[in-house]
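Have a look at the structure below, then the notes.
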Amino acid sequence: MNRDTICVQGGYTPGNGEPRQIPIIQSTTFKYATSEDMGKLFDLEADGYFYSRLQNPTCDMVAKKICELEGGTAAMLTSSGQAANFFALFNICEAGDHIVASSTIYGGTFNLISVTMAKMGITATFVDPLCTEEELNAAFRPNTKVVFGETIANPALTVLDIEKFAKAAHAHGVPLMVDNTFPTPVNCRPFEWGADIVTHSTTKYMDGHGAVLGGAIVDGGKFDWMAHAEKFPGLCTPDDSYHGITYAERFGKEGAFITKATAQLMRDFGSMQSPMNAYMLNLGLESLHVRMQRHCANGMAVAQFLENHPKVAYVNYCGLESSPYHALAQKYLPNGSCGVVSFGLAGGRQAASTFMKELKLAAIETHVADARTCCLNPASSTHRQMNDEQLAAAGVPAELVRMSCGLESAEDLIADIAQALDKV
Ligand SMILES: *Cc1c(COP(=O)(O)O)cnc(C)c1O
């Protein structure tokens, strides 16, 4: 089915007389007639639910819709995007292992990998997303287990050359994991370009209303774990906590990754999305394809206006022909990228501050990808501890404003931006 139809109707098909909207199964636990029935669930021999810390039917319906949208074979929801990226990485990395990651990834994920996972004995090498194939290949070590990047990075707005990264990952016998939060599967399906695992912060466009935190992990079902069994003992050797089951053998390429992450990581860390949040996420998904068009149209209109304004020094938006990522965007994001634009005020940090104070429609928030336009000056908020040299090196110079264009009229947004620039 077309992506538009999956957004509206995917994941759940009611039977005769059943609710049209997905039911919210607000229950921690599930009832069984015999201990033997329940035992089969604990041995992963039968499908079913026993405790909502691991799996819940409402969450699974929404995960199934996201799985269909991405064209994957299995998926799960998590309580946040951070949990999704951590579980996806930790599912195949353990102490002594190594990650190759794009250097422009989201700050929260950069911190997760470079600080918190380092404390677990998992190290990382960060590479410029525009690096050559030689530079990329040089980042691998014998203990590298995964390559990680973001289709469109937050907030750097770089575009990942998914085919280049997939080729290098596969040449070294490891999967490519792509955080596809900003374009969503409406604008890019990384599996079609060779990615193996896709993650999401559903908090952003998928929910789209600034209502619920959430995340998702989707498996493309193509990576052959058993062909690289020595690298992935967690998937390819018996798990004693489930009577010696070997995930890659029992559940195959299509199901092993998500089954292990659910059965082990959700069991032990417990970061399931609540059924109520999954229900609200699904309301957002029903209009995702319609909203993404407007977010992209508004992002483009605002970027074009800013590019021609004398008080604006530069604009980062891959939809603009002036962007160094324009060619990659035409290849991977032919229908549009996202509604997030970043730009530098010619007058520096003070100009950025005055501009933002004078905006009337765009609110100052750390959030992005919301129905309501919002903006942020990283130098005075998320990156406040850095001096001007450090800010420039991190790709968020003092004068940079990140603007997430919402669903309002482009005309009103541009009028608001124009009046605020006049006051600078
Ligand atoms: C926001 C974000 C995350 C983290 O997601 P949360 O839902 O806030 O935990 C991860 N990756 C990207 C690209 C994001 O924008």
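If you're wondering about the labels, chains in the structure tokens are A, B, ... by order shown, residues count from 1 in each chain, ligands from 1 in order shown.
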| query | ligand 1: which residues are within 10 Å, counting only C-alpha atoms and all ligand atoms, as a PyMOL selection string? | reply | chain A and resi 78-86+105-110+149-155+157+178-183+199-205+212-216+366-369
Could you pull out the strand (DSSP E) residues of range 273-421 of chain A, going by DSSP on the backbone, and write them as a ChimeraX atom specification? /A:312-316,340-345,363-364,374-376,400-404
Nearest to Arg3 in chain A, restricted to only C-alpha atoms and choosing among A:Lys357, A:Lys260, A:Lys331, A:Lys65, comes out as A:Lys65
Per residue of range 19-87 of chain A within 12 Å of range 241-258 of chain A, which atom pair is closest and at what distance in Å (one decimal), using only C-alpha atoms, listed by chain and increasing number, as a tab-separated table?
residue	atom	partner	partner_atom	distance
A:Gly39	CA	A:Tyr242	CA	10.9
A:Lys40	CA	A:Tyr242	CA	10.6
A:Leu41	CA	A:Tyr242	CA	10.2
A:Phe42	CA	A:Tyr242	CA	7.3
A:Asp43	CA	A:Tyr242	CA	5.6
A:Leu44	CA	A:Tyr242	CA	7.3
A:Glu45	CA	A:Arg250	CA	9.7
A:Leu54	CA	A:Ile258	CA	11.5
A:Gln55	CA	A:Ile258	CA	11.4
A:Asp60	CA	A:Ile258	CA	11.8
A:Ala63	CA	A:Ile258	CA	11.1
A:Cys67	CA	A:Ile258	CA	11.3
A:Gly71	CA	A:Glu254	CA	11.7
A:Gly72	CA	A:Glu254	CA	8.4
A:Thr73	CA	A:Glu254	CA	5.4
A:Ala74	CA	A:Gly255	CA	6.0
A:Ala75	CA	A:Ile258	CA	6.2
A:Met76	CA	A:Ile258	CA	6.8
A:Leu77	CA	A:Ile258	CA	10.2
A:Thr78	CA	A:Ile258	CA	11.7
A:Ala84	CA	A:Ile258	CA	11.3
A:Phe87	CA	A:Ile258	CA	9.9
> What is the distance between CA of Lys423 in chain A and CA of Met356 in chain A, in Å to one decimal?
Replying inline: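 Separation of CA of Lys423 in chain A and CA of Met356 in chain A: 10.3 Å.
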In terms of only C-alpha atoms, the residue from A:Cys374, A:Arg294, A:Ala393, A:Leu320 at minimal distance from Leu407 in chain A is A:Arg294
Residue with smallest distance to Ala394 in chain A - pool A:Thr104, A:Ser52, A:Asn187, A:Asn316, counting only C-alpha atoms: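 Ranked by minimum distance to Ala394 in chain A, first place goes to A:Thr104.
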- Query: Which is closest to Met61 in chain A among A:Gln390, A:Asn282, A:Thr354, A:Ser102, if we use only C-alpha atoms?
  - Reply: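 Result for the nearest residue to Met61 in chain A: A:Asn282.
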From CA of Phe223 in chain A to CA of Asn2 in chain A the spacing works out at 25.0 Å
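Minimum distance to Glu94 in chain A across A:Arg141, A:Lys231, A:Lys222, A:Lys64 (counting only C-alpha atoms) occurs at A:Lys231.
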Original post:
Where in range 239-370 of chain A does DSSP assign helix (DSSP H, G or I), given as an MDAnalysis selection string?
Top reply: chainID A and resid 240:242 247:269 275:285 288:307 326:332 348:358
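You can rank A:Ala346, A:Ala168, A:Met1, A:Met177 by their closest distance to Val312 in chain A using only C-alpha atoms, and at the top of that list sits A:Ala346.
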### Message
Excluding Ala313 in chain A and its own-chain neighbours fewer than 4 positions away, which residues fall within 8 Å of it when counting only C-alpha atoms? Please give them as a PyMOL selection string.
### Response
chain A and resi 343-346
Give me, as a list in words, all polymer residues having an atom no more than 12 Å from Pro57 in chain A, counting only C-alpha atoms and skipping those fewer than 5 positions away in the same chain. Gly11, Tyr12, Ile22, Pro23, Ile24, Ile25, Gln26, Ser27, Thr28, Thr29, Phe30, Asp47, Gly48, Tyr49, Phe50, Tyr51, Ser52, Val62, Ala63, Lys64, Met76, Leu77, Met272, Gln273, Ser274, Pro275, Met276, Ala278 and Tyr279 of chain A
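Pairwise distance (CA of Val315 in chain A, CA of Glu411 in chain A) equals 18.8 Å.
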Subject >> Spatial neighbours of Arg402 in chain A, max dist 8 Å, only C-alpha atoms, sep filter under 4 positions, as a list in words >> reply: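 So the residues in contact are Pro155, Val340, Val341, Ser342, Phe343, Cys375, Leu376, Asn377 and Pro378 of chain A.
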Selection to disk with C-alpha atoms, as an mmCIF file, in the first residue's frame:
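Output saved as part-v5.cif:
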data_model
loop_
_atom_site.group_PDB
_atom_site.id
_atom_site.type_symbol
_atom_site.label_atom_id
_atom_site.label_comp_id
_atom_site.auth_asym_id
_atom_site.auth_seq_id
_atom_site.Cartn_x
_atom_site.Cartn_y
_atom_site.Cartn_z
ATOM 1 C CA PRO A 155 20.400 20.388 14.620
ATOM 2 C CA VAL A 340 13.669 22.661 10.367
ATOM 3 C CA VAL A 341 15.843 25.500 9.018
ATOM 4 C CA SER A 342 18.898 27.024 10.689
ATOM 5 C CA PHE A 343 20.516 30.360 9.900
ATOM 6 C CA CYS A 375 12.999 28.462 17.599
ATOM 7 C CA LEU A 376 16.171 28.138 19.623
ATOM 8 C CA ASN A 377 19.584 29.819 19.880
ATOM 9 C CA PRO A 378 21.775 26.847 20.885
#
